[in-house]
>>> print(open('data11.txt').read())   # compact mmCIF, C-alpha atoms
# COMPACT_ATOMS: atom_id res chain seq x y z
CA MET A 1 8.48 -5.60 -6.65
CA SER A 2 6.31 -4.69 -3.68
CA SER A 3 5.97 -1.10 -2.52
CA SER A 4 5.17 0.41 0.83
CA PHE A 5 1.47 0.90 1.42
CA GLN A 6 2.28 3.64 3.89
CA ARG A 7 4.46 5.45 1.33
CA ARG A 8 1.86 5.08 -1.42
CA LEU A 9 -0.88 6.36 0.90
CA LEU A 10 1.26 9.33 1.91
CA VAL A 11 2.23 10.14 -1.69
CA GLN A 12 -1.34 9.89 -2.95
CA THR A 13 -2.64 11.97 -0.05
CA ALA A 14 0.08 14.57 -0.61
CA LEU A 15 -0.76 14.71 -4.31
CA ALA A 16 -4.42 15.16 -3.48
CA VAL A 17 -3.55 17.95 -1.04
CA VAL A 18 -1.31 19.64 -3.62
CA VAL A 19 -3.95 19.39 -6.37
CA LEU A 20 -6.67 20.69 -4.10
CA GLY A 21 -4.31 23.38 -2.82
CA VAL A 22 -3.52 24.52 -6.37
CA LEU A 23 -7.19 24.57 -7.30
CA ALA A 24 -8.03 26.49 -4.14
CA ALA A 25 -5.14 28.88 -4.79
CA VAL A 26 -6.30 29.49 -8.35
CA ALA A 27 -9.84 30.12 -7.16
CA GLN A 28 -8.55 32.38 -4.37
CA PHE A 29 -6.32 34.28 -6.79
CA VAL A 30 -9.14 34.82 -9.29
CA LEU A 31 -11.56 35.94 -6.58
CA ALA A 32 -8.96 38.25 -5.02
CA TRP A 33 -8.13 39.68 -8.47
CA ARG A 34 -11.76 40.41 -9.20
CA GLU A 35 -12.37 41.95 -5.77
CA LEU A 36 -9.30 44.15 -6.17
CA ARG A 37 -10.46 45.26 -9.60
CA GLU A 38 -13.84 46.20 -8.20
CA SER A 39 -12.13 47.96 -5.28
CA GLN A 40 -9.96 49.95 -7.70
CA ASP A 41 -13.03 51.01 -9.69
CA ASP A 42 -14.77 52.00 -6.46
CA MET A 43 -11.69 54.02 -5.53
CA LEU A 44 -11.95 55.92 -8.81
CA ARG A 45 -15.59 56.70 -8.06
CA GLN A 46 -14.75 57.85 -4.53
CA VAL A 47 -11.91 60.11 -5.77
CA ALA A 48 -14.31 61.66 -8.26
CA ALA A 49 -16.91 62.28 -5.55
CA LEU A 50 -14.31 63.84 -3.30
CA ALA A 51 -13.05 66.07 -6.09
CA LEU A 52 -16.58 67.41 -6.69
CA ARG A 53 -17.27 67.95 -3.00
CA HIS A 54 -13.86 69.18 -1.83
CA PRO A 55 -14.08 72.41 0.18
CA GLY A 56 -11.22 73.91 -1.75
CA ARG A 57 -12.84 73.42 -5.10
CA GLU A 58 -13.45 77.17 -5.70
CA HIS A 59 -9.81 77.88 -4.82
CA ALA A 60 -8.77 75.26 -7.31
CA VAL A 61 -11.03 76.82 -9.90
CA ALA A 62 -9.67 80.29 -9.26
CA HIS A 63 -6.05 79.25 -9.71
CA GLY A 64 -6.58 76.52 -12.34
CA VAL A 65 -4.58 73.90 -10.46
CA GLY A 66 -4.74 70.22 -11.64
CA ILE A 67 -4.36 67.23 -9.30
CA GLY A 68 -1.90 64.39 -9.94
CA ASP A 69 -1.13 61.59 -7.40
CA HIS A 70 2.20 60.08 -8.44
CA ASP A 71 2.29 57.46 -5.63
CA SER A 72 -1.00 55.83 -6.53
CA ARG A 73 -0.65 56.93 -10.17
CA ILE A 74 -4.16 58.31 -10.14
CA HIS A 75 -4.73 61.38 -12.29
CA VAL A 76 -7.60 63.75 -11.47
CA ALA A 77 -8.82 66.63 -13.64
CA LEU A 78 -11.73 68.95 -12.79
CA LEU A 79 -13.12 70.50 -15.95
CA PRO A 80 -13.34 73.32 -16.91
CA VAL A 81 -11.09 74.44 -14.02
CA ASP A 82 -8.23 72.13 -15.02
CA PRO A 83 -7.11 71.76 -18.58
CA ALA A 84 -8.51 68.68 -20.25
CA PRO A 85 -6.00 65.80 -20.50
CA SER A 86 -4.37 65.47 -23.86
CA TRP A 87 -5.58 61.89 -24.25
CA LEU A 88 -9.21 62.92 -23.57
CA ALA A 89 -9.95 64.04 -27.10
CA THR A 90 -13.73 64.15 -26.99
CA PRO A 91 -16.22 64.59 -24.19
CA ARG A 92 -16.97 61.26 -22.53
CA PRO A 93 -20.26 60.12 -21.05
CA SER A 94 -20.45 59.49 -17.32
CA GLY A 95 -19.18 56.11 -16.16
CA LEU A 96 -16.17 53.74 -16.36
CA SER A 97 -14.32 52.92 -19.53
CA THR A 98 -10.91 51.74 -20.69
CA LEU A 99 -9.09 53.88 -23.26
CA ASP A 100 -6.02 53.29 -25.34
CA THR A 101 -4.03 56.53 -25.26
CA ALA A 102 -0.61 57.74 -26.34
CA ALA A 103 0.43 57.50 -22.68
CA GLY A 104 -0.73 53.89 -22.51
CA ARG A 105 -3.90 52.04 -21.66
CA MET A 106 -5.99 53.91 -19.07
CA ARG A 107 -8.94 53.10 -16.86
CA VAL A 108 -11.08 56.26 -16.81
CA PHE A 109 -14.05 57.32 -14.71
CA VAL A 110 -16.00 60.39 -15.86
CA GLN A 111 -18.74 62.09 -13.82
CA HIS A 112 -20.69 65.20 -14.81
CA SER A 113 -22.08 67.51 -12.09
CA GLY A 114 -23.62 70.75 -13.35
CA ARG A 115 -21.05 72.76 -15.22
CA TYR A 116 -18.20 70.67 -13.79
CA THR A 117 -16.86 67.39 -15.04
CA VAL A 118 -14.41 65.31 -13.09
CA VAL A 119 -12.09 62.89 -14.84
CA VAL A 120 -10.25 60.29 -12.76
CA ALA A 121 -7.79 58.04 -14.60
CA GLN A 122 -5.34 55.33 -13.70
CA PRO A 123 -2.92 53.45 -15.97
CA THR A 124 -3.96 49.83 -16.37
CA HIS A 125 -0.40 48.56 -15.89
CA ALA A 126 -0.36 50.25 -12.45
CA ARG A 127 -3.72 48.66 -11.63
CA ASP A 128 -2.41 45.28 -12.78
CA GLU A 129 0.71 45.61 -10.69
CA LEU A 130 -1.25 46.55 -7.58
CA ALA A 131 -3.81 43.76 -8.15
CA TRP A 132 -1.09 41.17 -8.87
CA ASN A 133 0.88 42.02 -5.75
CA ALA A 134 -2.22 42.03 -3.56
CA ALA A 135 -3.44 38.69 -5.01
CA LEU A 136 -0.03 37.09 -4.44
CA ARG A 137 0.00 38.30 -0.85
CA ALA A 138 -3.43 36.70 -0.44
CA LEU A 139 -1.93 33.37 -1.62
CA ALA A 140 0.90 33.44 0.94
CA PRO A 141 -1.06 31.67 3.73
CA SER A 142 -2.10 28.89 1.35
CA ALA A 143 1.47 28.48 0.08
CA LEU A 144 2.64 28.01 3.66
CA LEU A 145 -0.24 25.82 4.80
CA VAL A 146 0.06 23.21 2.02
CA PRO A 147 3.59 22.04 3.01
CA LEU A 148 2.62 22.17 6.66
CA LEU A 149 -0.48 20.07 5.92
CA ILE A 150 1.57 17.51 3.97
CA GLY A 151 4.05 17.26 6.84
CA LEU A 152 1.22 16.86 9.34
CA LEU A 153 -0.39 14.14 7.19
CA GLY A 154 2.92 12.30 7.00
CA ARG A 155 3.26 12.42 10.77
CA VAL A 156 -0.31 11.22 11.27
CA VAL A 157 0.08 8.36 8.76
CA ARG A 158 3.33 7.20 10.34
CA ARG A 159 1.79 7.34 13.80
CA GLU A 160 -1.29 5.36 12.71
CA PHE A 161 0.85 2.74 10.95
CA ALA A 162 3.25 2.39 13.87
CA PRO A 163 1.25 -0.54 15.40
CA VAL A 164 1.35 -2.34 12.05
CA VAL A 165 5.11 -1.88 11.79
CA ARG A 166 5.59 -3.10 15.35
CA ALA A 167 3.37 -6.12 14.63
CA ALA A 168 5.39 -6.96 11.52
CA ARG A 169 8.64 -6.83 13.48
CA LYS A 170 7.12 -8.97 16.22
CA LEU A 171 6.02 -11.53 13.64
CA GLU A 172 9.53 -11.64 12.21
CA GLN A 173 11.03 -12.27 15.64
CA SER A 174 8.34 -14.52 17.12
CA GLU A 175 8.55 -18.29 17.40
CA VAL A 176 5.02 -18.92 16.18
CA LEU A 177 5.62 -22.51 15.15
CA ARG A 178 6.86 -23.22 18.65
CA GLY A 179 3.65 -22.04 20.23
CA ALA A 180 4.67 -18.51 21.27
CA GLU A 181 1.80 -16.09 21.69
CA LEU A 182 1.68 -13.29 19.14
CA GLY A 183 0.16 -10.53 21.27
CA LEU A 184 -0.10 -8.10 18.36
CA GLY A 185 -2.49 -5.86 20.27
CA PRO A 186 -5.26 -3.63 18.91
CA MET A 187 -4.99 -2.39 15.34
CA PRO A 188 -6.88 0.14 13.21
CA ALA A 189 -10.40 -1.08 12.46
CA GLU A 190 -9.61 -1.50 8.74
CA ILE A 191 -6.59 -3.73 9.47
CA GLN A 192 -7.90 -5.62 12.50
CA PRO A 193 -9.79 -8.30 10.45
CA PHE A 194 -6.61 -9.00 8.47
CA VAL A 195 -4.58 -9.26 11.68
CA CYS A 196 -7.18 -11.58 13.22
CA ALA A 197 -7.06 -13.73 10.08
CA ILE A 198 -3.25 -13.91 10.30
CA GLU A 199 -3.39 -14.87 13.96
CA GLY A 200 -6.00 -17.54 13.22
CA LEU A 201 -3.94 -18.87 10.32
CA LEU A 202 -0.79 -19.03 12.43
CA GLN A 203 -2.65 -20.79 15.23
CA ARG A 204 -4.02 -23.34 12.76
CA THR A 205 -0.55 -23.73 11.29
CA HIS A 206 0.85 -24.30 14.76
CA ALA A 207 -1.84 -26.88 15.48
CA LEU A 208 -1.15 -28.66 12.17
CA MET A 209 2.58 -28.62 12.84
CA ARG A 210 2.02 -30.11 16.27
CA GLN A 211 -0.29 -32.70 14.72
CA GLN A 212 2.27 -33.55 12.06
CA GLN A 213 5.02 -33.77 14.66
CA ARG A 214 2.91 -36.15 16.73
CA PHE A 215 2.07 -38.16 13.63
CA VAL A 216 5.72 -38.46 12.58
CA ALA A 217 6.72 -39.43 16.12
CA ASP A 218 3.95 -42.04 16.32
CA ALA A 219 4.78 -43.36 12.85
CA ALA A 220 8.45 -43.65 13.78
CA HIS A 221 7.49 -45.49 16.95
CA GLU A 222 5.10 -47.81 15.12
CA LEU A 223 7.73 -48.57 12.46
CA ARG A 224 10.49 -49.05 14.99
CA THR A 225 8.57 -51.70 16.87
CA PRO A 226 8.10 -54.16 13.97
CA LEU A 227 11.56 -53.45 12.59
CA THR A 228 13.12 -54.23 15.97
CA ALA A 229 11.04 -57.38 16.14
CA LEU A 230 12.12 -58.32 12.61
CA ALA A 231 15.77 -57.93 13.53
CA LEU A 232 15.33 -60.18 16.58
CA GLN A 233 13.35 -62.78 14.61
CA ALA A 234 15.94 -62.79 11.84
CA ARG A 235 18.64 -63.38 14.47
CA ASN A 236 16.58 -66.28 15.90
CA VAL A 237 16.31 -67.84 12.45
CA ARG A 238 20.07 -67.59 12.05
CA HIS A 239 20.61 -69.52 15.27
CA ALA A 240 18.21 -72.32 14.34
CA THR A 241 19.84 -75.75 14.67
CA SER A 242 17.50 -77.59 12.30
CA LEU A 243 15.34 -76.97 9.25
CA ASP A 244 12.12 -77.56 11.18
CA GLU A 245 13.17 -75.12 13.88
CA ALA A 246 14.09 -72.57 11.18
CA ARG A 247 10.66 -72.97 9.56
CA LEU A 248 9.02 -72.48 12.94
CA ARG A 249 10.99 -69.31 13.60
CA VAL A 250 10.29 -67.93 10.10
CA GLN A 251 6.53 -67.72 10.78
CA PRO A 252 6.72 -64.76 13.26
CA LEU A 253 9.25 -63.16 10.92
CA GLU A 254 6.74 -63.34 8.08
CA ARG A 255 4.01 -61.89 10.27
CA GLY A 256 6.31 -59.02 11.28
CA ILE A 257 7.15 -58.33 7.63
CA GLU A 258 3.46 -58.31 6.76
CA ARG A 259 2.70 -55.90 9.58
CA ALA A 260 5.50 -53.55 8.50
CA ARG A 261 4.27 -53.76 4.90
CA LYS A 262 0.71 -53.00 5.96
CA LEU A 263 1.82 -50.04 8.06
CA SER A 264 3.94 -48.56 5.27
CA GLU A 265 1.05 -48.95 2.81
CA GLN A 266 -1.33 -47.22 5.19
CA LEU A 267 1.11 -44.38 5.76
CA LEU A 268 1.45 -43.95 2.00
CA ASP A 269 -2.33 -44.07 1.59
CA LEU A 270 -2.79 -41.38 4.26
CA ALA A 271 -0.14 -39.15 2.66
CA ARG A 272 -1.72 -39.64 -0.77
CA ILE A 273 -5.18 -38.78 0.54
CA GLU A 274 -3.94 -35.68 2.39
CA SER A 275 -2.26 -34.43 -0.80
CA GLY A 276 -5.69 -34.28 -2.46
CA ASP A 277 -4.35 -35.59 -5.80
CA VAL A 278 -7.33 -37.75 -6.84
CA LEU A 279 -9.46 -38.00 -9.99
CA HIS A 280 -13.24 -37.67 -9.74
CA GLU A 281 -15.32 -39.82 -12.08
CA THR A 282 -18.53 -41.83 -12.27
CA VAL A 283 -18.14 -44.79 -9.91
CA ASP A 284 -20.33 -47.90 -9.61
CA LEU A 285 -20.21 -48.23 -5.83
CA ALA A 286 -21.93 -51.64 -5.87
CA ALA A 287 -19.28 -53.07 -8.20
CA LEU A 288 -16.51 -51.55 -6.10
CA ALA A 289 -18.06 -53.12 -2.97
CA ARG A 290 -18.09 -56.55 -4.61
CA GLU A 291 -14.39 -56.16 -5.47
CA LEU A 292 -13.60 -55.27 -1.86
CA LEU A 293 -15.51 -58.26 -0.50
CA ALA A 294 -13.66 -60.57 -2.88
CA GLU A 295 -10.38 -59.07 -1.63
CA TYR A 296 -11.22 -59.51 2.06
CA HIS A 297 -13.02 -62.87 1.71
CA PRO A 298 -9.89 -65.01 2.33
CA LEU A 299 -9.18 -63.08 5.56
CA ALA A 300 -12.79 -63.50 6.66
CA GLU A 301 -12.63 -67.25 5.99
CA GLN A 302 -9.36 -67.53 7.89
CA ARG A 303 -11.02 -65.90 10.93
CA HIS A 304 -14.31 -67.84 10.45
CA ILE A 305 -16.34 -64.65 9.94
CA ASP A 306 -19.36 -64.42 7.65
CA LEU A 307 -18.62 -61.49 5.29
CA GLY A 308 -21.65 -60.39 3.25
CA LEU A 309 -22.97 -57.64 0.98
CA ASP A 310 -26.39 -56.00 0.99
CA ALA A 311 -26.56 -53.73 -2.05
CA PRO A 312 -28.50 -53.18 -5.27
CA GLY A 313 -27.12 -54.38 -8.58
CA THR A 314 -25.91 -50.93 -9.63
CA LEU A 315 -25.37 -47.82 -7.56
CA THR A 316 -23.47 -44.99 -9.26
CA LEU A 317 -22.25 -41.64 -8.02
CA ASP A 318 -19.77 -38.97 -9.09
CA SER A 319 -16.82 -39.44 -6.76
CA ALA A 320 -13.22 -40.67 -6.46
CA ALA A 321 -12.80 -44.45 -6.54
CA PRO A 322 -9.52 -44.51 -4.53
CA LEU A 323 -11.10 -42.54 -1.71
CA LEU A 324 -14.21 -44.71 -1.69
CA ARG A 325 -12.01 -47.81 -1.62
CA ALA A 326 -10.04 -46.34 1.30
CA ILE A 327 -13.20 -45.63 3.29
CA LEU A 328 -14.96 -48.94 2.76
CA GLY A 329 -11.79 -51.06 2.74
CA ASN A 330 -10.54 -49.72 6.05
CA GLY A 331 -14.03 -50.03 7.51
CA ILE A 332 -14.22 -53.71 6.53
CA ASP A 333 -10.66 -54.39 7.71
CA ASN A 334 -11.37 -52.76 11.08
CA ALA A 335 -14.63 -54.72 11.49
CA LEU A 336 -12.91 -58.04 10.71
CA LYS A 337 -10.24 -57.33 13.36
CA TYR A 338 -12.72 -56.78 16.18
CA THR A 339 -15.36 -59.36 15.23
CA PRO A 340 -14.85 -62.67 17.06
CA PRO A 341 -14.79 -65.99 15.19
CA GLY A 342 -18.26 -67.10 14.17
CA GLY A 343 -19.45 -63.51 13.90
CA GLU A 344 -20.57 -61.62 10.84
CA VAL A 345 -19.64 -58.42 8.97
CA THR A 346 -22.04 -56.90 6.43
CA LEU A 347 -21.44 -54.10 3.96
CA ARG A 348 -24.77 -52.43 3.25
CA LEU A 349 -25.30 -49.86 0.48
CA ALA A 350 -28.51 -47.91 -0.13
CA GLY A 351 -29.61 -44.67 -1.70
CA SER A 352 -30.38 -41.76 0.57
CA PRO A 353 -31.72 -38.23 0.02
CA GLY A 354 -28.96 -36.40 -1.84
CA GLY A 355 -26.52 -39.30 -2.02
CA VAL A 356 -25.65 -42.82 -0.89
CA ARG A 357 -25.47 -44.37 2.56
CA ALA A 358 -22.78 -46.99 3.16
CA GLU A 359 -22.66 -49.00 6.38
CA VAL A 360 -20.18 -51.59 7.66
CA ILE A 361 -22.03 -53.61 10.33
CA ASP A 362 -20.17 -56.02 12.60
CA SER A 363 -21.08 -58.25 15.53
CA GLY A 364 -18.06 -57.37 17.65
CA PRO A 365 -17.92 -56.14 21.25
CA GLY A 366 -18.97 -52.60 20.33
CA MET A 367 -17.45 -49.40 21.70
CA PRO A 368 -18.29 -46.90 24.45
CA VAL A 369 -19.93 -43.78 23.08
CA GLU A 370 -17.40 -41.46 24.72
CA ARG A 371 -14.52 -43.10 22.82
CA ARG A 372 -16.02 -43.16 19.34
CA ARG A 373 -14.45 -39.87 18.31
CA GLU A 374 -11.07 -40.84 19.71
CA VAL A 375 -10.63 -43.86 17.43
CA PHE A 376 -10.55 -41.63 14.35
CA LYS A 377 -7.21 -40.22 15.52
CA PRO A 378 -4.06 -41.84 14.03
CA PHE A 379 -2.46 -44.73 15.94
CA THR A 380 -5.37 -45.07 18.36
CA ARG A 381 -6.23 -48.64 19.37
CA LEU A 382 -8.78 -49.41 22.06
CA HIS A 383 -7.43 -52.79 23.05
CA GLY A 384 -3.72 -51.99 22.80
CA GLY A 385 -1.77 -54.97 21.54
CA GLU A 386 -4.59 -57.47 22.02
CA VAL A 387 -5.88 -56.81 18.49
CA GLU A 388 -3.41 -56.75 15.63
CA GLY A 389 -3.36 -53.44 13.79
CA THR A 390 -1.70 -50.07 13.36
CA GLY A 391 -4.48 -47.72 14.49
CA LEU A 392 -4.53 -45.94 11.11
CA GLY A 393 -7.55 -47.52 9.43
CA LEU A 394 -10.31 -45.25 10.72
CA ALA A 395 -8.03 -42.18 10.52
CA ILE A 396 -7.52 -42.88 6.81
CA ALA A 397 -11.26 -43.43 6.34
CA GLN A 398 -12.09 -40.14 8.03
CA GLU A 399 -9.53 -38.19 5.97
CA ALA A 400 -10.87 -39.73 2.75
CA ALA A 401 -14.45 -38.91 3.77
CA ALA A 402 -13.45 -35.30 4.47
CA ARG A 403 -11.94 -35.05 0.98
CA LEU A 404 -15.25 -36.20 -0.49
CA GLY A 405 -17.40 -33.97 1.69
CA ALA A 406 -18.92 -37.08 3.32
CA ARG A 407 -19.95 -37.61 6.95
CA ILE A 408 -18.56 -40.61 8.81
CA ALA A 409 -19.45 -41.80 12.30
CA LEU A 410 -19.71 -44.85 14.53
CA ARG A 411 -23.05 -45.82 16.04
CA ASP A 412 -24.90 -48.74 17.61
CA ARG A 413 -26.71 -51.32 15.53
CA ASP A 414 -30.33 -50.53 14.74
CA ASP A 415 -31.51 -54.02 15.80
CA GLY A 416 -30.03 -53.63 19.30
CA ALA A 417 -27.66 -56.59 18.83
CA PRO A 418 -24.05 -56.39 20.02
CA GLY A 419 -21.73 -54.78 17.53
CA LEU A 420 -20.99 -51.51 15.83
CA VAL A 421 -21.96 -49.69 12.64
CA LEU A 422 -19.59 -47.51 10.65
CA ARG A 423 -21.96 -45.21 8.73
CA VAL A 424 -20.81 -43.03 5.82
CA GLU A 425 -23.13 -40.50 4.16
CA LEU A 426 -21.75 -39.98 0.65
CA PRO A 427 -22.92 -37.10 -1.56
CA ALA A 428 -24.19 -38.05 -5.01
CA ALA A 429 -21.67 -35.68 -6.58
CA SER A 430 -18.61 -34.67 -4.56
CA ALA A 431 -16.26 -31.88 -5.56
CA PRO A 432 -12.52 -32.26 -4.90
CA ARG A 433 -11.47 -30.61 -1.65
CA GLY A 434 -7.94 -29.40 -0.91
>>> encode(input="data11.txt", output="structure tokens")
Amino acid sequence: MSSSFQRRLLVQTALAVVVLGVLAAVAQFVLAWRELRESQDDMLRQVAALALRHPGREHAVAHGVGIGDHDSRIHVALLPVDPAPSWLATPRPSGLSTLDTAAGRMRVFVQHSGRYTVVVAQPTHARDELAWNAALRALAPSALLVPLLIGLLGRVVRREFAPVVRAARKLEQSEVLRGAELGLGPMPAEIQPFVCAIEGLLQRTHALMRQQQRFVADAAHELRTPLTALALQARNVRHATSLDEARLRVQPLERGIERARKLSEQLLDLARIESGDVLHETVDLAALARELLAEYHPLAEQRHIDLGLDAPGTLTLDSAAPLLRAILGNGIDNALKYTPPGGEVTLRLAGSPGGVRAEVIDSGPGMPVERRREVFKPFTRLHGGEVEGTGLGLAIAQEAAARLGARIALRDRDDGAPGLVLRVELPAASAPRG
């Protein structure tokens, strides 16, 4: 179950503030306690000094009056004028000390001055009560500031996360797949890269969706055309008046069926390649090329085209045989379509730095340079209906090459003769790509 990042941040920050506040309060309490203790001891010293220097000291001596402050609970005795306290059993040296007496624990300051001795005492429980109350009063500002600070942090966190919340709501309501602009606006610097990545991903998704929509529409159109033609041709066969006429009308029907079969196979091949579900193994590319030439040799003979192979006896690489077959097979098929009768198509294989170079060389009419990228798009045919085909061959070859990490391109022949070269740079070892 997912939790709110904002809530977790606020809770953790509040806990940190509380912990630090408690530690600061403890330190403040201890320091205040110690300062108050020292202040109380200083007060005892000051009372003693005042008792020795008081102008009415001789009057106090003459009448033998003792001093007792019940409000502050400080007891002062000036010896020998005042009687010695009952709990002061023996003479004490000058200075501060803590005594356990019958009246309770006492903090006592004794100071000798000539024949006089002043004794200032204060019960420790009174000192503790005064120190405790004063220390607690010192903690009051901290006790009030911690909740205020937590509330302020919560307000700040909510304000800073407000753009993120608004962006999330906008994403929920936006029609991204229909091409609507996101317009999420500026975000905090820590979140902006993530937002940019989301926007980029959604834009790529939109582009892929548009591409898939175009592909499905084109595929439906390409399938509808031969199926419509098949229906008409089947109707013509039905209305044939003789066996010879029926045989004559069956020939275009067979060609239409073959075209529909070829298109469906290519669509399945493209879907299989795009899924990325292929096995990589050691492939003898020269042997695979010989198999392809044997497969396309009858078609080449039918069109009076010289189909040849220029390759070493063995040429191995770590790759996927179905993808290699798709690249070279579609390259050969495309070259045979555009090469006129009496021409030639050659499949050339050779090692190259870091891999293998495969070339399908034809003697066809060639292609303008500005249109060589366009023909790798699905259902693109330069000569319209003049050349039989579906416009998927080079698109399948390019997708298969991308899965292998290979580079594929069309270029002019090196010897300057009319024609075109489909060049594929295959890596010696290709990793599967999703």
>>> closest_residue(input="data11.txt", among="A:Leu152, A:Thr98, A:Ser242, A:Val157", to="Arg8 (chain A)", atoms="all atoms listed in the file")
A:Val157
>>> residues_around(input="data11.txt", residues="region 338-347 of chain A", least_positions_apart="3", cutoff="6 Å", atoms="only C-alpha atoms", output="list in words")
Arg303, His304, Ile305, Asp306, Leu307, Gly308, Leu309, Ala335, Glu359, Val360, Ile361, Asp362, Ser363 and Gly364 of chain A
>>> atom_distance(input="data11.txt", atom1="CA of Leu285 (chain A)", atom2="CA of Arg411 (chain A)")
22.2 Å
>>> atom_distance(input="data11.txt", atom1="CA of Ala207 (chain A)", atom2="CA of Pro193 (chain A)")
20.8 Å
>>> residues_around(input="data11.txt", residues="Ala350 (chain A)", least_positions_apart="2", cutoff="10 Å", atoms="all atoms listed in the file", output="ChimeraX atom specification")
/A:286,310-312,315,348,352,355-359
>>> write_last_selection(input="data11.txt", atoms="C-alpha atoms", output="JSON list (two decimals), keeping the file's coordinate frame")
[["chain", "number", "residue", "atom", "x", "y", "z"],
["A", 286, "ALA", "CA", -21.93, -51.64, -5.87],
["A", 310, "ASP", "CA", -26.39, -56.00, 0.99],
["A", 311, "ALA", "CA", -26.56, -53.73, -2.05],
["A", 312, "PRO", "CA", -28.50, -53.18, -5.27],
["A", 315, "LEU", "CA", -25.37, -47.82, -7.56],
["A", 348, "ARG", "CA", -24.77, -52.43, 3.25],
["A", 352, "SER", "CA", -30.38, -41.76, 0.57],
["A", 355, "GLY", "CA", -26.52, -39.30, -2.02],
["A", 356, "VAL", "CA", -25.65, -42.82, -0.89],
["A", 357, "ARG", "CA", -25.47, -44.37, 2.56],
["A", 358, "ALA", "CA", -22.78, -46.99, 3.16],
["A", 359, "GLU", "CA", -22.66, -49.00, 6.38]]
>>> closest_residue(input="data11.txt", among="A:Val283, A:Ile396, A:Val165, A:Val237", to="Glu254 (chain A)", atoms="all atoms listed in the file")
A:Val237
>>> build_atoms(input="data11.txt", residues="region 89-103 of chain A", atoms="N, CA and C atoms", output="JSON list (two decimals), in the frame of the given file")
[["chain", "number", "residue", "atom", "x", "y", "z"],
["A", 89, "ALA", "N", -9.73, 63.23, -25.89],
["A", 89, "ALA", "CA", -9.95, 64.04, -27.10],
["A", 89, "ALA", "C", -11.37, 64.54, -27.19],
["A", 90, "THR", "N", -12.32, 63.78, -26.84],
["A", 90, "THR", "CA", -13.73, 64.15, -26.99],
["A", 90, "THR", "C", -14.41, 64.04, -25.66],
["A", 91, "PRO", "N", -15.48, 64.75, -25.44],
["A", 91, "PRO", "CA", -16.22, 64.59, -24.19],
["A", 91, "PRO", "C", -16.69, 63.14, -24.04],
["A", 92, "ARG", "N", -16.60, 62.64, -22.81],
["A", 92, "ARG", "CA", -16.97, 61.26, -22.53],
["A", 92, "ARG", "C", -18.24, 61.23, -21.71],
["A", 93, "PRO", "N", -19.07, 60.25, -21.89],
["A", 93, "PRO", "CA", -20.26, 60.12, -21.05],
["A", 93, "PRO", "C", -19.85, 59.68, -19.64],
["A", 94, "SER", "N", -20.73, 59.90, -18.70],
["A", 94, "SER", "CA", -20.45, 59.49, -17.32],
["A", 94, "SER", "C", -20.30, 57.97, -17.25],
["A", 95, "GLY", "N", -19.38, 57.54, -16.36],
["A", 95, "GLY", "CA", -19.18, 56.11, -16.16],
["A", 95, "GLY", "C", -17.74, 55.67, -16.36],
["A", 96, "LEU", "N", -17.51, 54.34, -16.23],
["A", 96, "LEU", "CA", -16.17, 53.74, -16.36],
["A", 96, "LEU", "C", -15.94, 53.27, -17.78],
["A", 97, "SER", "N", -14.70, 53.42, -18.22],
["A", 97, "SER", "CA", -14.32, 52.92, -19.53],
["A", 97, "SER", "C", -12.81, 52.74, -19.55],
["A", 98, "THR", "N", -12.34, 51.97, -20.51],
["A", 98, "THR", "CA", -10.91, 51.74, -20.69],
["A", 98, "THR", "C", -10.51, 52.31, -22.04],
["A", 99, "LEU", "N", -9.50, 53.17, -22.04],
["A", 99, "LEU", "CA", -9.09, 53.88, -23.26],
["A", 99, "LEU", "C", -7.65, 53.54, -23.59],
["A", 100, "ASP", "N", -7.39, 53.41, -24.86],
["A", 100, "ASP", "CA", -6.02, 53.29, -25.34],
["A", 100, "ASP", "C", -5.54, 54.67, -25.74],
["A", 101, "THR", "N", -4.53, 55.18, -25.03],
["A", 101, "THR", "CA", -4.03, 56.53, -25.26],
["A", 101, "THR", "C", -2.56, 56.47, -25.63],
["A", 102, "ALA", "N", -2.03, 57.65, -26.02],
["A", 102, "ALA", "CA", -0.61, 57.74, -26.34],
["A", 102, "ALA", "C", 0.24, 57.47, -25.11],
["A", 103, "ALA", "N", -0.30, 57.75, -23.92],
["A", 103, "ALA", "CA", 0.43, 57.50, -22.68],
["A", 103, "ALA", "C", 0.27, 56.07, -22.19]]
